[in-house]
Amino acid sequence: MARPFGFTHRHPGRLAASAAAAAAAALVLGVGHLVAVFIDPVSSPFFVLGATVVDHTPKWLKDSAIRWFGANDKLALAITMAAVMAVAAAMIGLLARRHLASAAGLLGALGVVVAGAALLRPTATPLFVVPAVIGSSVGIAALCALFLVPAESGRQAGPTRRGFLLALTGVAAAAVAAGAAGRFVGARLRDIAGDRAAFVLPRVTAPALPVTPEMDRVVPGLTRFITPAANFYRVDTALQLPSLTRAQWRLRIHGMVEREIRLDFDELSARRAVESLITLTCVSNEVGGDLAGNALWTGYRLSDLLAEAGPSPEADMILSRSVDGFTASTPTAAVLGNPDALLAVAMNGEPLPVAHGYPARMIVPGLYGYVSATKWVVDLELTRFDRAQAYWTERGWATRAPIKTSSRIDVPAAFAELNAGPVTVAGVAWAQGRGIDAVEIQVDDGPWQPATLAAAYSLDTWRQWTWTWDASPGTHALRVRAVDATGSVQTDARTTPFPDGATGRHSRVVMVR
Ligand SMILES: Nc1nc2c(c(=O)[nH]1)N[C@H]1C(S)=C(S)[C@@H](COP(=O)(O)O)O[C@H]1N2
Ligand SMILES: [Mo]
């Protein structure tokens, strides 16, 4: 039927209509992603949607996602989002077959919702609406172009179908091209790799003690004393890694201080650098889990930096903030009283990897990462626990979160089939701030027997241990417990990571022939 303005409405099949709407929706994301490059990468509708979902996912669902998908939880998120968007696109497509204006209105409304969500991101500026607005405008135009044909060609039945497929392919290709261009241009605009490669590490005035990882080579499969950066666990809320060059980086120290301080990277580099070996641990680590790593951190004493600002004695909390809006609340005392609490710029003698906080992050021995280890840190606010909360503490995790005494069996592997006779059992144990005094192993219901510990490096680093077991045929359970340097034995009581870290003893079942 001819329209007054000379277009006819196509009525493709249901599947074709859904595909057309999906292509239009993809164009919203692709164009939005490209536009966001010029505003702020995190204003991309794609990341806005993902981050909004992550922030509002209920804890139980997030926990199951992490349990099911492990480190692939971000992939799981992407797949879930793609599925939800496919459903939304199908709805828009089916609507467009009957009433194009309503379908366009629905797509526009979704665009407005995304623009609104963009404004709620922690680092948002008013410009954050622009990618969603431009993206959805282009998407609506594409949707109309797909469902309308100039009146004349609409009369020719043959070419219409082909024209529709061509147009559909064109829109889908444009969506992919825009998204890819966004990625490419984005990477060019923020050349972090180059900035990182050019970073000459500070000369350290207080070097850490030399490391002699005596057990590294002795036991195959045992966790190495120093965790290579490439194997170091990564935990953060960033869907898009922040890209901050040293030239762009600033640190502001403010709040309950005598004088506010602003430092750029050159000014930071003029200060005295130190280094320290510290085992970092995530509160989400399950008993026997691998969310812990030990690295040599190089940087600047946080206590010195804070002293320059003159913190008020009433300020019992340091609220640190990353460039992407993550926050952590650290007890001021844990930093002022500890010369190893660092603003770190290097890990294992290399500039921080981008995923681990380039160009600067916090490291505070003895506290779980979510209350101490802010990566890409740009802001330290002195405040009080009765006034402020941080990202995870707002979500119910404990405000005070010292790391709990833990021990782990690395070898033999779970359900390993072993030969009877001498078997090496080995692993690591940690109790940052207190130190590990002993590790003990139990076979089945037998007595606890002392393992051999690698030399203690410091209270803040884990210790490797080994024990030689005279294995007898049968199925056996091996269990480990640590004793910290205050004499406390690691508890047997099983608790979940929420709200302040898991407890319980790691065990492994093995088969001996
Ligand atoms: N900016 C930022 N810093 C962060 C986080 C985050 O989500 N964003 N997560 C924290 C948590 S929960 C942990 S356990 C450590 C992990 O540091 P890693 O990824 O270098 O191992 O970083 C902390 N710092
Ligand atoms: Mo964590």
# chains A, B, ... in the order shown; residues from 1 in each chain; ligands from 1

$ residues_around --residues "Tyr233 in chain A" --least-positions-apart "6" --cutoff "7 Å" --atoms "only C-alpha atoms" --output "NGL selection string"
:A and (291-293)

$ closest_atom_pairs --of "chain A" --to "ligand 2" --cutoff "10 Å" --atoms "only C-alpha atoms and all ligand atoms" --output "tab-separated table"
residue	atom	partner	partner_atom_place_in_ligand_line	distance
A:Tyr233	CA	ligand 2	1 (Mo)	9.8
A:Arg234	CA	ligand 2	1 (Mo)	8.6
A:Val235	CA	ligand 2	1 (Mo)	5.8
A:Asp236	CA	ligand 2	1 (Mo)	7.3
A:Thr237	CA	ligand 2	1 (Mo)	9.8
A:Leu280	CA	ligand 2	1 (Mo)	9.2
A:Thr281	CA	ligand 2	1 (Mo)	6.9
A:Cys282	CA	ligand 2	1 (Mo)	3.6
A:Val283	CA	ligand 2	1 (Mo)	5.0
A:Ser284	CA	ligand 2	1 (Mo)	5.8
A:Asn285	CA	ligand 2	1 (Mo)	7.9
A:Leu291	CA	ligand 2	1 (Mo)	8.0
A:Ala292	CA	ligand 2	1 (Mo)	9.4
A:Tyr368	CA	ligand 2	1 (Mo)	6.4
A:Gly369	CA	ligand 2	1 (Mo)	4.8
A:Tyr370	CA	ligand 2	1 (Mo)	4.7
A:Val371	CA	ligand 2	1 (Mo)	8.3
A:Ser372	CA	ligand 2	1 (Mo)	9.4
A:Ala373	CA	ligand 2	1 (Mo)	8.6
A:Trp392	CA	ligand 2	1 (Mo)	9.2
A:Gly501	CA	ligand 2	1 (Mo)	9.7

$ write_last_selection --atoms "N, CA and C atoms" --output "compact mmCIF listing (two decimals), in the first residue's frame"
# COMPACT_ATOMS: atom_id res chain seq x y z
N TYR A 233 46.66 -13.99 39.59
CA TYR A 233 45.20 -13.91 39.46
C TYR A 233 44.78 -12.47 39.20
N ARG A 234 43.66 -12.32 38.52
CA ARG A 234 43.14 -10.98 38.27
C ARG A 234 41.69 -10.93 38.73
N VAL A 235 41.37 -9.96 39.55
CA VAL A 235 39.99 -9.76 39.96
C VAL A 235 39.70 -8.27 39.90
N ASP A 236 38.69 -7.88 39.15
CA ASP A 236 38.24 -6.49 39.17
C ASP A 236 36.89 -6.39 38.48
N THR A 237 36.30 -5.21 38.60
CA THR A 237 34.97 -4.98 38.02
C THR A 237 35.07 -4.40 36.62
N LEU A 280 49.34 -11.11 47.90
CA LEU A 280 48.02 -10.48 47.79
C LEU A 280 46.98 -11.59 47.72
N THR A 281 45.84 -11.39 48.35
CA THR A 281 44.81 -12.42 48.38
C THR A 281 43.44 -11.81 48.17
N CYS A 282 42.58 -12.54 47.46
CA CYS A 282 41.21 -12.07 47.24
C CYS A 282 40.28 -12.70 48.27
N VAL A 283 39.37 -11.91 48.78
CA VAL A 283 38.41 -12.39 49.77
C VAL A 283 37.52 -13.50 49.18
N SER A 284 37.38 -13.52 47.86
CA SER A 284 36.54 -14.53 47.22
C SER A 284 37.23 -15.88 47.09
N ASN A 285 38.49 -15.95 47.51
CA ASN A 285 39.20 -17.22 47.37
C ASN A 285 38.53 -18.31 48.21
N LEU A 291 43.14 -17.71 44.17
CA LEU A 291 43.08 -16.25 44.10
C LEU A 291 44.05 -15.63 45.11
N ALA A 292 45.30 -16.01 44.98
CA ALA A 292 46.36 -15.46 45.82
C ALA A 292 47.63 -15.48 44.99
N TYR A 368 42.63 -8.09 52.58
CA TYR A 368 42.13 -8.58 51.30
C TYR A 368 42.10 -7.44 50.28
N GLY A 369 42.23 -7.81 49.00
CA GLY A 369 42.37 -6.82 47.94
C GLY A 369 41.23 -5.81 47.85
N TYR A 370 40.00 -6.26 48.17
CA TYR A 370 38.85 -5.35 47.96
C TYR A 370 38.82 -4.21 48.95
N VAL A 371 39.61 -4.29 50.04
CA VAL A 371 39.68 -3.17 50.98
C VAL A 371 41.06 -2.52 50.99
N SER A 372 41.86 -2.78 49.96
CA SER A 372 43.22 -2.26 50.07
C SER A 372 43.97 -2.05 48.77
N ALA A 373 43.62 -2.82 47.71
CA ALA A 373 44.57 -2.93 46.60
C ALA A 373 44.11 -2.21 45.33
N TRP A 392 32.55 -2.71 47.49
CA TRP A 392 32.09 -4.01 47.98
C TRP A 392 31.44 -3.93 49.35
N GLY A 501 35.78 -13.62 54.00
CA GLY A 501 36.82 -14.58 53.65
C GLY A 501 36.49 -15.99 54.12

$ residues_around --residues "range 255-268 of chain A" --least-positions-apart "3" --cutoff "12 Å" --atoms "only C-alpha atoms" --output "short mmCIF file (atom, residue, chain, number, x, y, z; two decimals) with all heavy atoms, in the first residue's frame"
data_model
loop_
_atom_site.label_atom_id
_atom_site.label_comp_id
_atom_site.auth_asym_id
_atom_site.auth_seq_id
_atom_site.Cartn_x
_atom_site.Cartn_y
_atom_site.Cartn_z
N PHE A 199 58.51 3.22 30.11
CA PHE A 199 58.61 3.55 31.53
C PHE A 199 59.90 2.98 32.11
O PHE A 199 60.10 1.78 32.16
CB PHE A 199 57.37 3.00 32.25
CG PHE A 199 57.34 3.26 33.74
CD1 PHE A 199 58.05 4.31 34.32
CD2 PHE A 199 56.57 2.45 34.57
CE1 PHE A 199 58.01 4.54 35.68
CE2 PHE A 199 56.52 2.67 35.94
CZ PHE A 199 57.23 3.71 36.50
N VAL A 200 60.78 3.87 32.54
CA VAL A 200 62.01 3.43 33.21
C VAL A 200 61.70 3.35 34.70
O VAL A 200 61.32 4.34 35.33
CB VAL A 200 63.16 4.42 32.94
CG1 VAL A 200 64.42 3.96 33.65
CG2 VAL A 200 63.38 4.58 31.44
N PRO A 202 61.74 3.24 38.70
CA PRO A 202 62.52 4.05 39.65
C PRO A 202 63.65 3.23 40.27
O PRO A 202 63.54 2.02 40.43
CB PRO A 202 61.47 4.41 40.72
CG PRO A 202 60.38 3.41 40.59
CD PRO A 202 60.36 3.00 39.15
N LEU A 244 45.29 4.44 31.11
CA LEU A 244 45.73 5.69 31.69
C LEU A 244 47.23 5.77 31.45
O LEU A 244 47.97 4.90 31.91
CB LEU A 244 45.42 5.61 33.19
CG LEU A 244 45.46 6.83 34.06
CD1 LEU A 244 44.50 7.89 33.55
CD2 LEU A 244 45.06 6.43 35.49
N THR A 245 47.67 6.79 30.72
CA THR A 245 49.11 6.94 30.53
C THR A 245 49.69 7.63 31.76
O THR A 245 48.96 8.22 32.56
CB THR A 245 49.43 7.80 29.29
OG1 THR A 245 48.88 9.10 29.53
CG2 THR A 245 48.85 7.20 28.03
N ARG A 246 51.01 7.55 31.87
CA ARG A 246 51.64 8.24 33.01
C ARG A 246 51.39 9.74 32.91
O ARG A 246 51.20 10.41 33.92
CB ARG A 246 53.15 7.94 33.04
CG ARG A 246 53.45 6.59 33.67
CD ARG A 246 54.88 6.22 33.48
NE ARG A 246 55.17 5.93 32.09
CZ ARG A 246 56.24 6.32 31.43
NH1 ARG A 246 57.17 7.01 32.04
NH2 ARG A 246 56.40 6.01 30.17
N ALA A 247 51.37 10.27 31.69
CA ALA A 247 51.16 11.71 31.54
C ALA A 247 49.74 12.11 31.96
O ALA A 247 49.51 13.23 32.43
CB ALA A 247 51.41 12.12 30.09
N GLN A 248 48.80 11.20 31.80
CA GLN A 248 47.42 11.52 32.17
C GLN A 248 47.16 11.33 33.67
O GLN A 248 46.23 11.88 34.22
CB GLN A 248 46.43 10.61 31.42
CG GLN A 248 46.36 10.87 29.93
CD GLN A 248 45.63 9.75 29.21
OE1 GLN A 248 45.69 8.59 29.61
NE2 GLN A 248 44.94 10.10 28.14
N TRP A 249 47.99 10.50 34.29
CA TRP A 249 47.74 10.11 35.69
C TRP A 249 47.94 11.28 36.65
O TRP A 249 48.86 12.08 36.49
CB TRP A 249 48.68 8.97 36.06
CG TRP A 249 48.48 8.43 37.44
CD1 TRP A 249 47.60 7.48 37.83
CD2 TRP A 249 49.21 8.81 38.62
NE1 TRP A 249 47.72 7.23 39.18
CE2 TRP A 249 48.70 8.04 39.69
CE3 TRP A 249 50.22 9.73 38.89
CZ2 TRP A 249 49.18 8.16 41.00
CZ3 TRP A 249 50.70 9.84 40.18
CH2 TRP A 249 50.18 9.07 41.23
N ARG A 250 47.04 11.41 37.61
CA ARG A 250 47.19 12.35 38.72
C ARG A 250 46.74 11.63 39.96
O ARG A 250 45.83 10.81 39.91
CB ARG A 250 46.27 13.57 38.56
CG ARG A 250 46.54 14.44 37.35
CD ARG A 250 47.72 15.37 37.58
NE ARG A 250 47.94 16.22 36.41
CZ ARG A 250 48.46 15.81 35.26
NH1 ARG A 250 48.82 14.55 35.11
NH2 ARG A 250 48.62 16.63 34.25
N LEU A 251 47.35 11.98 41.09
CA LEU A 251 46.84 11.48 42.36
C LEU A 251 46.44 12.65 43.22
O LEU A 251 47.20 13.61 43.38
CB LEU A 251 47.91 10.64 43.09
CG LEU A 251 47.45 10.10 44.46
CD1 LEU A 251 46.37 9.03 44.29
CD2 LEU A 251 48.62 9.52 45.24
N ARG A 252 45.23 12.59 43.74
CA ARG A 252 44.76 13.65 44.64
C ARG A 252 44.60 13.04 46.03
O ARG A 252 44.00 11.98 46.18
CB ARG A 252 43.42 14.16 44.10
CG ARG A 252 42.77 15.20 44.94
CD ARG A 252 41.57 15.81 44.21
NE ARG A 252 40.87 16.70 45.11
CZ ARG A 252 39.56 16.65 45.34
NH1 ARG A 252 38.80 15.77 44.71
NH2 ARG A 252 39.00 17.50 46.18
N ARG A 271 60.09 11.14 44.31
CA ARG A 271 60.13 10.65 45.69
C ARG A 271 60.93 9.36 45.82
O ARG A 271 61.29 8.74 44.83
CB ARG A 271 58.70 10.51 46.21
CG ARG A 271 58.14 11.88 46.55
CD ARG A 271 56.64 11.91 46.54
NE ARG A 271 56.16 13.18 47.05
CZ ARG A 271 56.10 14.31 46.34
NH1 ARG A 271 56.50 14.35 45.08
NH2 ARG A 271 55.65 15.42 46.88
N ARG A 272 61.16 8.98 47.08
CA ARG A 272 61.98 7.83 47.39
C ARG A 272 61.24 6.54 47.10
O ARG A 272 60.16 6.31 47.66
CB ARG A 272 62.31 7.89 48.89
CG ARG A 272 63.54 7.18 49.32
CD ARG A 272 63.82 7.57 50.77
NE ARG A 272 63.11 6.67 51.69
CZ ARG A 272 63.67 5.58 52.21
NH1 ARG A 272 64.92 5.28 51.91
NH2 ARG A 272 63.00 4.82 53.04
N ALA A 273 61.78 5.70 46.25
CA ALA A 273 61.12 4.44 45.91
C ALA A 273 61.63 3.31 46.79
O ALA A 273 62.80 3.25 47.15
CB ALA A 273 61.35 4.12 44.45
N GLY A 299 57.48 0.74 44.59
CA GLY A 299 56.64 1.95 44.60
C GLY A 299 57.03 2.90 45.69
O GLY A 299 58.21 2.97 46.08
N TYR A 300 56.05 3.62 46.20
CA TYR A 300 56.29 4.72 47.13
C TYR A 300 55.48 4.46 48.39
O TYR A 300 54.33 3.99 48.31
CB TYR A 300 55.90 6.05 46.46
CG TYR A 300 56.67 6.20 45.17
CD1 TYR A 300 56.16 5.68 43.97
CD2 TYR A 300 57.93 6.77 45.16
CE1 TYR A 300 56.89 5.75 42.79
CE2 TYR A 300 58.67 6.84 43.98
CZ TYR A 300 58.14 6.33 42.80
OH TYR A 300 58.87 6.39 41.65
N ARG A 301 56.07 4.77 49.53
CA ARG A 301 55.37 4.49 50.79
C ARG A 301 54.13 5.35 50.89
O ARG A 301 54.20 6.58 50.84
CB ARG A 301 56.28 4.77 51.98
CG ARG A 301 57.31 3.70 52.14
CD ARG A 301 58.01 3.74 53.49
NE ARG A 301 58.87 2.56 53.54
CZ ARG A 301 60.16 2.57 53.86
NH1 ARG A 301 60.75 3.70 54.22
NH2 ARG A 301 60.86 1.46 53.85
N LEU A 302 53.00 4.70 51.09
CA LEU A 302 51.75 5.46 51.25
C LEU A 302 51.81 6.32 52.51
O LEU A 302 51.28 7.43 52.53
CB LEU A 302 50.56 4.50 51.33
CG LEU A 302 50.06 3.99 49.97
CD1 LEU A 302 49.10 2.81 50.16
CD2 LEU A 302 49.37 5.11 49.18
N ASP A 304 54.33 7.91 53.72
CA ASP A 304 55.05 9.16 53.41
C ASP A 304 54.14 10.12 52.64
O ASP A 304 54.09 11.32 52.92
CB ASP A 304 56.29 8.88 52.54
CG ASP A 304 57.37 8.15 53.33
OD1 ASP A 304 57.22 8.03 54.56
OD2 ASP A 304 58.35 7.68 52.70
N LEU A 305 53.42 9.58 51.65
CA LEU A 305 52.55 10.44 50.83
C LEU A 305 51.45 11.05 51.69
O LEU A 305 51.14 12.23 51.59
CB LEU A 305 51.95 9.64 49.67
CG LEU A 305 52.96 9.19 48.61
CD1 LEU A 305 52.34 8.18 47.66
CD2 LEU A 305 53.48 10.40 47.83
N LEU A 306 50.87 10.22 52.57
CA LEU A 306 49.81 10.73 53.44
C LEU A 306 50.36 11.79 54.38
O LEU A 306 49.71 12.81 54.62
CB LEU A 306 49.18 9.60 54.26
CG LEU A 306 48.33 8.60 53.50
CD1 LEU A 306 47.66 7.64 54.47
CD2 LEU A 306 47.27 9.30 52.65
N ALA A 307 51.57 11.54 54.90
CA ALA A 307 52.16 12.49 55.84
C ALA A 307 52.30 13.88 55.20
O ALA A 307 52.13 14.90 55.86
CB ALA A 307 53.51 11.98 56.33
N GLU A 308 52.59 13.90 53.91
CA GLU A 308 52.70 15.20 53.23
C GLU A 308 51.40 15.97 53.29
O GLU A 308 51.38 17.20 53.30
CB GLU A 308 53.07 14.99 51.75
CG GLU A 308 54.48 14.47 51.55
CD GLU A 308 54.82 14.34 50.06
OE1 GLU A 308 54.34 15.17 49.26
OE2 GLU A 308 55.55 13.40 49.71
N ALA A 309 50.28 15.24 53.31
CA ALA A 309 48.97 15.90 53.35
C ALA A 309 48.54 16.22 54.78
O ALA A 309 47.66 17.06 54.98
CB ALA A 309 47.92 15.03 52.66
N GLY A 310 49.12 15.55 55.76
CA GLY A 310 48.76 15.77 57.15
C GLY A 310 47.35 15.29 57.46
O GLY A 310 46.43 16.09 57.63
N PRO A 311 47.16 13.98 57.57
CA PRO A 311 45.82 13.47 57.83
C PRO A 311 45.35 13.80 59.25
O PRO A 311 46.15 13.80 60.18
CB PRO A 311 45.97 11.95 57.65
CG PRO A 311 47.41 11.65 57.78
CD PRO A 311 48.17 12.91 57.44
N SER A 312 44.07 14.10 59.40
CA SER A 312 43.49 14.35 60.71
C SER A 312 43.47 13.05 61.51
O SER A 312 43.20 11.98 60.95
CB SER A 312 42.07 14.88 60.54
OG SER A 312 41.30 14.54 61.67
N PRO A 313 43.75 13.11 62.82
CA PRO A 313 43.71 11.89 63.62
C PRO A 313 42.32 11.26 63.64
O PRO A 313 42.17 10.08 63.93
CB PRO A 313 44.11 12.37 65.03
CG PRO A 313 44.55 13.77 64.90
CD PRO A 313 44.13 14.30 63.57
N GLU A 314 41.30 12.07 63.34
CA GLU A 314 39.93 11.53 63.32
C GLU A 314 39.64 10.71 62.06
O GLU A 314 38.64 9.99 62.00
CB GLU A 314 38.90 12.68 63.35
CG GLU A 314 38.34 12.95 64.73
CD GLU A 314 39.24 13.90 65.51
OE1 GLU A 314 39.30 15.08 65.13
OE2 GLU A 314 39.90 13.43 66.46
N ALA A 315 40.47 10.84 61.03
CA ALA A 315 40.19 10.16 59.76
C ALA A 315 40.63 8.70 59.86
O ALA A 315 41.80 8.38 59.66
CB ALA A 315 40.91 10.87 58.62
N ASP A 316 39.68 7.81 60.17
CA ASP A 316 40.08 6.41 60.35
C ASP A 316 40.00 5.60 59.06
O ASP A 316 40.31 4.43 59.04
CB ASP A 316 39.27 5.74 61.47
CG ASP A 316 37.77 5.75 61.21
OD1 ASP A 316 37.35 6.23 60.14
OD2 ASP A 316 37.02 5.28 62.09
N MET A 317 39.57 6.22 57.96
CA MET A 317 39.44 5.50 56.69
C MET A 317 40.12 6.25 55.54
O MET A 317 40.02 7.47 55.44
CB MET A 317 37.97 5.33 56.31
CG MET A 317 37.77 4.66 54.95
SD MET A 317 36.22 5.06 54.12
CE MET A 317 35.08 3.98 54.94
N ILE A 318 40.82 5.48 54.72
CA ILE A 318 41.30 6.02 53.44
C ILE A 318 40.39 5.43 52.37
O ILE A 318 40.35 4.22 52.17
CB ILE A 318 42.75 5.60 53.15
CG1 ILE A 318 43.66 6.05 54.28
CG2 ILE A 318 43.22 6.19 51.81
CD1 ILE A 318 45.03 5.40 54.21
N LEU A 319 39.64 6.29 51.71
CA LEU A 319 38.76 5.83 50.64
C LEU A 319 39.52 6.05 49.33
O LEU A 319 39.70 7.19 48.90
CB LEU A 319 37.45 6.63 50.66
CG LEU A 319 36.37 6.18 49.68
CD1 LEU A 319 35.88 4.77 50.01
CD2 LEU A 319 35.20 7.15 49.69
N SER A 320 40.01 4.95 48.76
CA SER A 320 40.77 5.09 47.51
C SER A 320 39.82 4.88 46.34
O SER A 320 38.85 4.11 46.44
CB SER A 320 41.91 4.09 47.46
OG SER A 320 41.43 2.78 47.69
N THR A 332 43.01 3.71 58.06
CA THR A 332 44.18 4.59 57.99
C THR A 332 45.34 3.99 58.77
O THR A 332 46.50 4.03 58.33
CB THR A 332 43.84 5.98 58.56
OG1 THR A 332 42.61 6.41 57.97
CG2 THR A 332 44.93 6.98 58.25
N LEU A 343 52.14 2.68 47.25
CA LEU A 343 51.56 3.06 45.98
C LEU A 343 52.52 2.44 44.97
O LEU A 343 53.61 2.96 44.72
CB LEU A 343 51.52 4.58 45.85
CG LEU A 343 50.94 5.09 44.54
CD1 LEU A 343 49.45 4.76 44.46
CD2 LEU A 343 51.13 6.60 44.41
N ALA A 344 52.14 1.29 44.43
CA ALA A 344 53.08 0.51 43.63
C ALA A 344 53.00 0.92 42.16
O ALA A 344 51.92 1.19 41.63
CB ALA A 344 52.77 -0.98 43.77
N VAL A 345 54.17 0.94 41.50
CA VAL A 345 54.23 1.25 40.07
C VAL A 345 54.86 0.10 39.29
O VAL A 345 54.86 0.13 38.06
CB VAL A 345 55.01 2.56 39.80
CG1 VAL A 345 54.29 3.76 40.44
CG2 VAL A 345 56.45 2.47 40.31
N TYR A 358 48.26 -0.50 35.95
CA TYR A 358 49.13 0.53 35.36
C TYR A 358 48.40 1.88 35.28
O TYR A 358 47.26 1.91 34.83
CB TYR A 358 49.56 0.11 33.96
CG TYR A 358 50.56 1.05 33.32
CD1 TYR A 358 51.91 0.95 33.59
CD2 TYR A 358 50.12 2.07 32.47
CE1 TYR A 358 52.82 1.83 33.03
CE2 TYR A 358 51.03 2.96 31.90
CZ TYR A 358 52.37 2.83 32.19
OH TYR A 358 53.27 3.70 31.64
N PRO A 359 49.02 3.00 35.66
CA PRO A 359 50.42 3.10 36.07
C PRO A 359 50.63 3.00 37.58
O PRO A 359 51.79 2.94 37.99
CB PRO A 359 50.81 4.49 35.58
CG PRO A 359 49.55 5.29 35.67
CD PRO A 359 48.42 4.33 35.41
N ALA A 360 49.58 2.99 38.40
CA ALA A 360 49.82 2.95 39.84
C ALA A 360 48.66 2.29 40.56
O ALA A 360 47.50 2.46 40.18
CB ALA A 360 50.03 4.37 40.40
N VAL A 378 43.62 6.91 41.55
CA VAL A 378 43.83 8.32 41.24
C VAL A 378 43.41 9.25 42.37
O VAL A 378 43.60 10.46 42.29
CB VAL A 378 43.08 8.74 39.95
CG1 VAL A 378 43.70 8.10 38.72
CG2 VAL A 378 41.59 8.41 40.04
N ASP A 379 42.81 8.68 43.42
CA ASP A 379 42.23 9.56 44.44
C ASP A 379 42.27 8.87 45.80
O ASP A 379 41.86 7.71 45.92
CB ASP A 379 40.77 9.86 44.04
CG ASP A 379 40.14 10.96 44.88
OD1 ASP A 379 39.85 10.72 46.07
OD2 ASP A 379 39.94 12.06 44.34
N LEU A 380 42.80 9.57 46.80
CA LEU A 380 42.78 9.06 48.18
C LEU A 380 42.06 10.12 49.03
O LEU A 380 42.53 11.25 49.13
CB LEU A 380 44.20 8.85 48.71
CG LEU A 380 45.11 7.89 47.94
CD1 LEU A 380 46.49 7.83 48.59
CD2 LEU A 380 44.50 6.49 47.87
N GLU A 381 40.93 9.70 49.59
CA GLU A 381 40.19 10.63 50.43
C GLU A 381 40.26 10.16 51.87
O GLU A 381 39.89 9.03 52.18
CB GLU A 381 38.72 10.71 49.96
CG GLU A 381 37.90 11.66 50.80
CD GLU A 381 36.41 11.67 50.44
OE1 GLU A 381 36.04 11.07 49.42
OE2 GLU A 381 35.64 12.26 51.20
N LEU A 382 40.75 11.03 52.75
CA LEU A 382 40.75 10.70 54.16
C LEU A 382 39.36 10.98 54.70
O LEU A 382 38.86 12.11 54.58
CB LEU A 382 41.80 11.54 54.90
CG LEU A 382 43.25 11.02 54.92
CD1 LEU A 382 43.35 9.77 55.76
CD2 LEU A 382 43.80 10.78 53.54
N THR A 383 38.74 9.95 55.29
CA THR A 383 37.38 10.13 55.79
C THR A 383 37.18 9.20 56.98
O THR A 383 38.14 8.82 57.64
CB THR A 383 36.35 9.93 54.65
OG1 THR A 383 35.03 10.05 55.19
CG2 THR A 383 36.48 8.57 53.97
N ARG A 384 35.93 8.83 57.26
CA ARG A 384 35.65 8.01 58.44
C ARG A 384 34.72 6.86 58.09
O ARG A 384 33.87 6.98 57.22
CB ARG A 384 34.98 8.86 59.52
CG ARG A 384 35.87 9.93 60.13
CD ARG A 384 35.15 10.67 61.25
NE ARG A 384 34.54 9.73 62.19
CZ ARG A 384 35.19 9.16 63.21
NH1 ARG A 384 36.45 9.45 63.43
NH2 ARG A 384 34.58 8.30 64.01
N ARG A 387 31.11 7.50 57.98
CA ARG A 387 30.62 8.45 56.98
C ARG A 387 30.57 7.88 55.58
O ARG A 387 29.80 8.36 54.74
CB ARG A 387 31.54 9.67 56.91
CG ARG A 387 31.36 10.58 58.06
CD ARG A 387 32.18 11.85 57.85
NE ARG A 387 32.39 12.45 59.16
CZ ARG A 387 33.29 13.36 59.43
NH1 ARG A 387 34.08 13.80 58.47
NH2 ARG A 387 33.41 13.84 60.62
N ALA A 388 31.44 6.93 55.28
CA ALA A 388 31.58 6.50 53.88
C ALA A 388 31.62 4.99 53.75
O ALA A 388 31.92 4.29 54.72
CB ALA A 388 32.84 7.12 53.29
#

$ residues_around --residues "range 134-140 of chain A" --least-positions-apart "2" --cutoff "9 Å" --atoms "only C-alpha atoms" --output "PyMOL selection string"
chain A and resi 21+23-35+45+103-105+107-108+110-112+129-132+142-145

$ atom_distance --atom1 "CA of Thr8 in chain A" --atom2 "CA of Gly93 in chain A"
16.7 Å

$ closest_residue --among "A:Leu241, A:Val274, A:Leu165, A:Val218" --to "Thr466 in chain A" --atoms "only C-alpha atoms"
A:Val218

$ decode --residues "range 311-319 of chain A" --atoms "N, CA and C atoms" --output "PDB file, in the first residue's frame"
ATOM      1  N   PRO A 311      47.162  13.981  57.569  1.00  0.00           N
ATOM      2  CA  PRO A 311      45.818  13.469  57.832  1.00  0.00           C
ATOM      3  C   PRO A 311      45.350  13.801  59.245  1.00  0.00           C
ATOM      4  N   SER A 312      44.070  14.096  59.399  1.00  0.00           N
ATOM      5  CA  SER A 312      43.490  14.352  60.712  1.00  0.00           C
ATOM      6  C   SER A 312      43.472  13.046  61.508  1.00  0.00           C
ATOM      7  N   PRO A 313      43.753  13.114  62.815  1.00  0.00           N
ATOM      8  CA  PRO A 313      43.714  11.887  63.624  1.00  0.00           C
ATOM      9  C   PRO A 313      42.320  11.260  63.640  1.00  0.00           C
ATOM     10  N   GLU A 314      41.296  12.071  63.340  1.00  0.00           N
ATOM     11  CA  GLU A 314      39.925  11.535  63.315  1.00  0.00           C
ATOM     12  C   GLU A 314      39.640  10.712  62.057  1.00  0.00           C
ATOM     13  N   ALA A 315      40.468  10.842  61.030  1.00  0.00           N
ATOM     14  CA  ALA A 315      40.189  10.158  59.760  1.00  0.00           C
ATOM     15  C   ALA A 315      40.630   8.704  59.862  1.00  0.00           C
ATOM     16  N   ASP A 316      39.682   7.806  60.174  1.00  0.00           N
ATOM     17  CA  ASP A 316      40.083   6.406  60.350  1.00  0.00           C
ATOM     18  C   ASP A 316      39.996   5.601  59.061  1.00  0.00           C
ATOM     19  N   MET A 317      39.568   6.223  57.960  1.00  0.00           N
ATOM     20  CA  MET A 317      39.436   5.499  56.686  1.00  0.00           C
ATOM     21  C   MET A 317      40.123   6.250  55.537  1.00  0.00           C
ATOM     22  N   ILE A 318      40.821   5.478  54.715  1.00  0.00           N
ATOM     23  CA  ILE A 318      41.296   6.019  53.437  1.00  0.00           C
ATOM     24  C   ILE A 318      40.385   5.434  52.366  1.00  0.00           C
ATOM     25  N   LEU A 319      39.638   6.294  51.712  1.00  0.00           N
ATOM     26  CA  LEU A 319      38.759   5.834  50.640  1.00  0.00           C
ATOM     27  C   LEU A 319      39.515   6.055  49.329  1.00  0.00           C
TER      28      LEU A 319
END
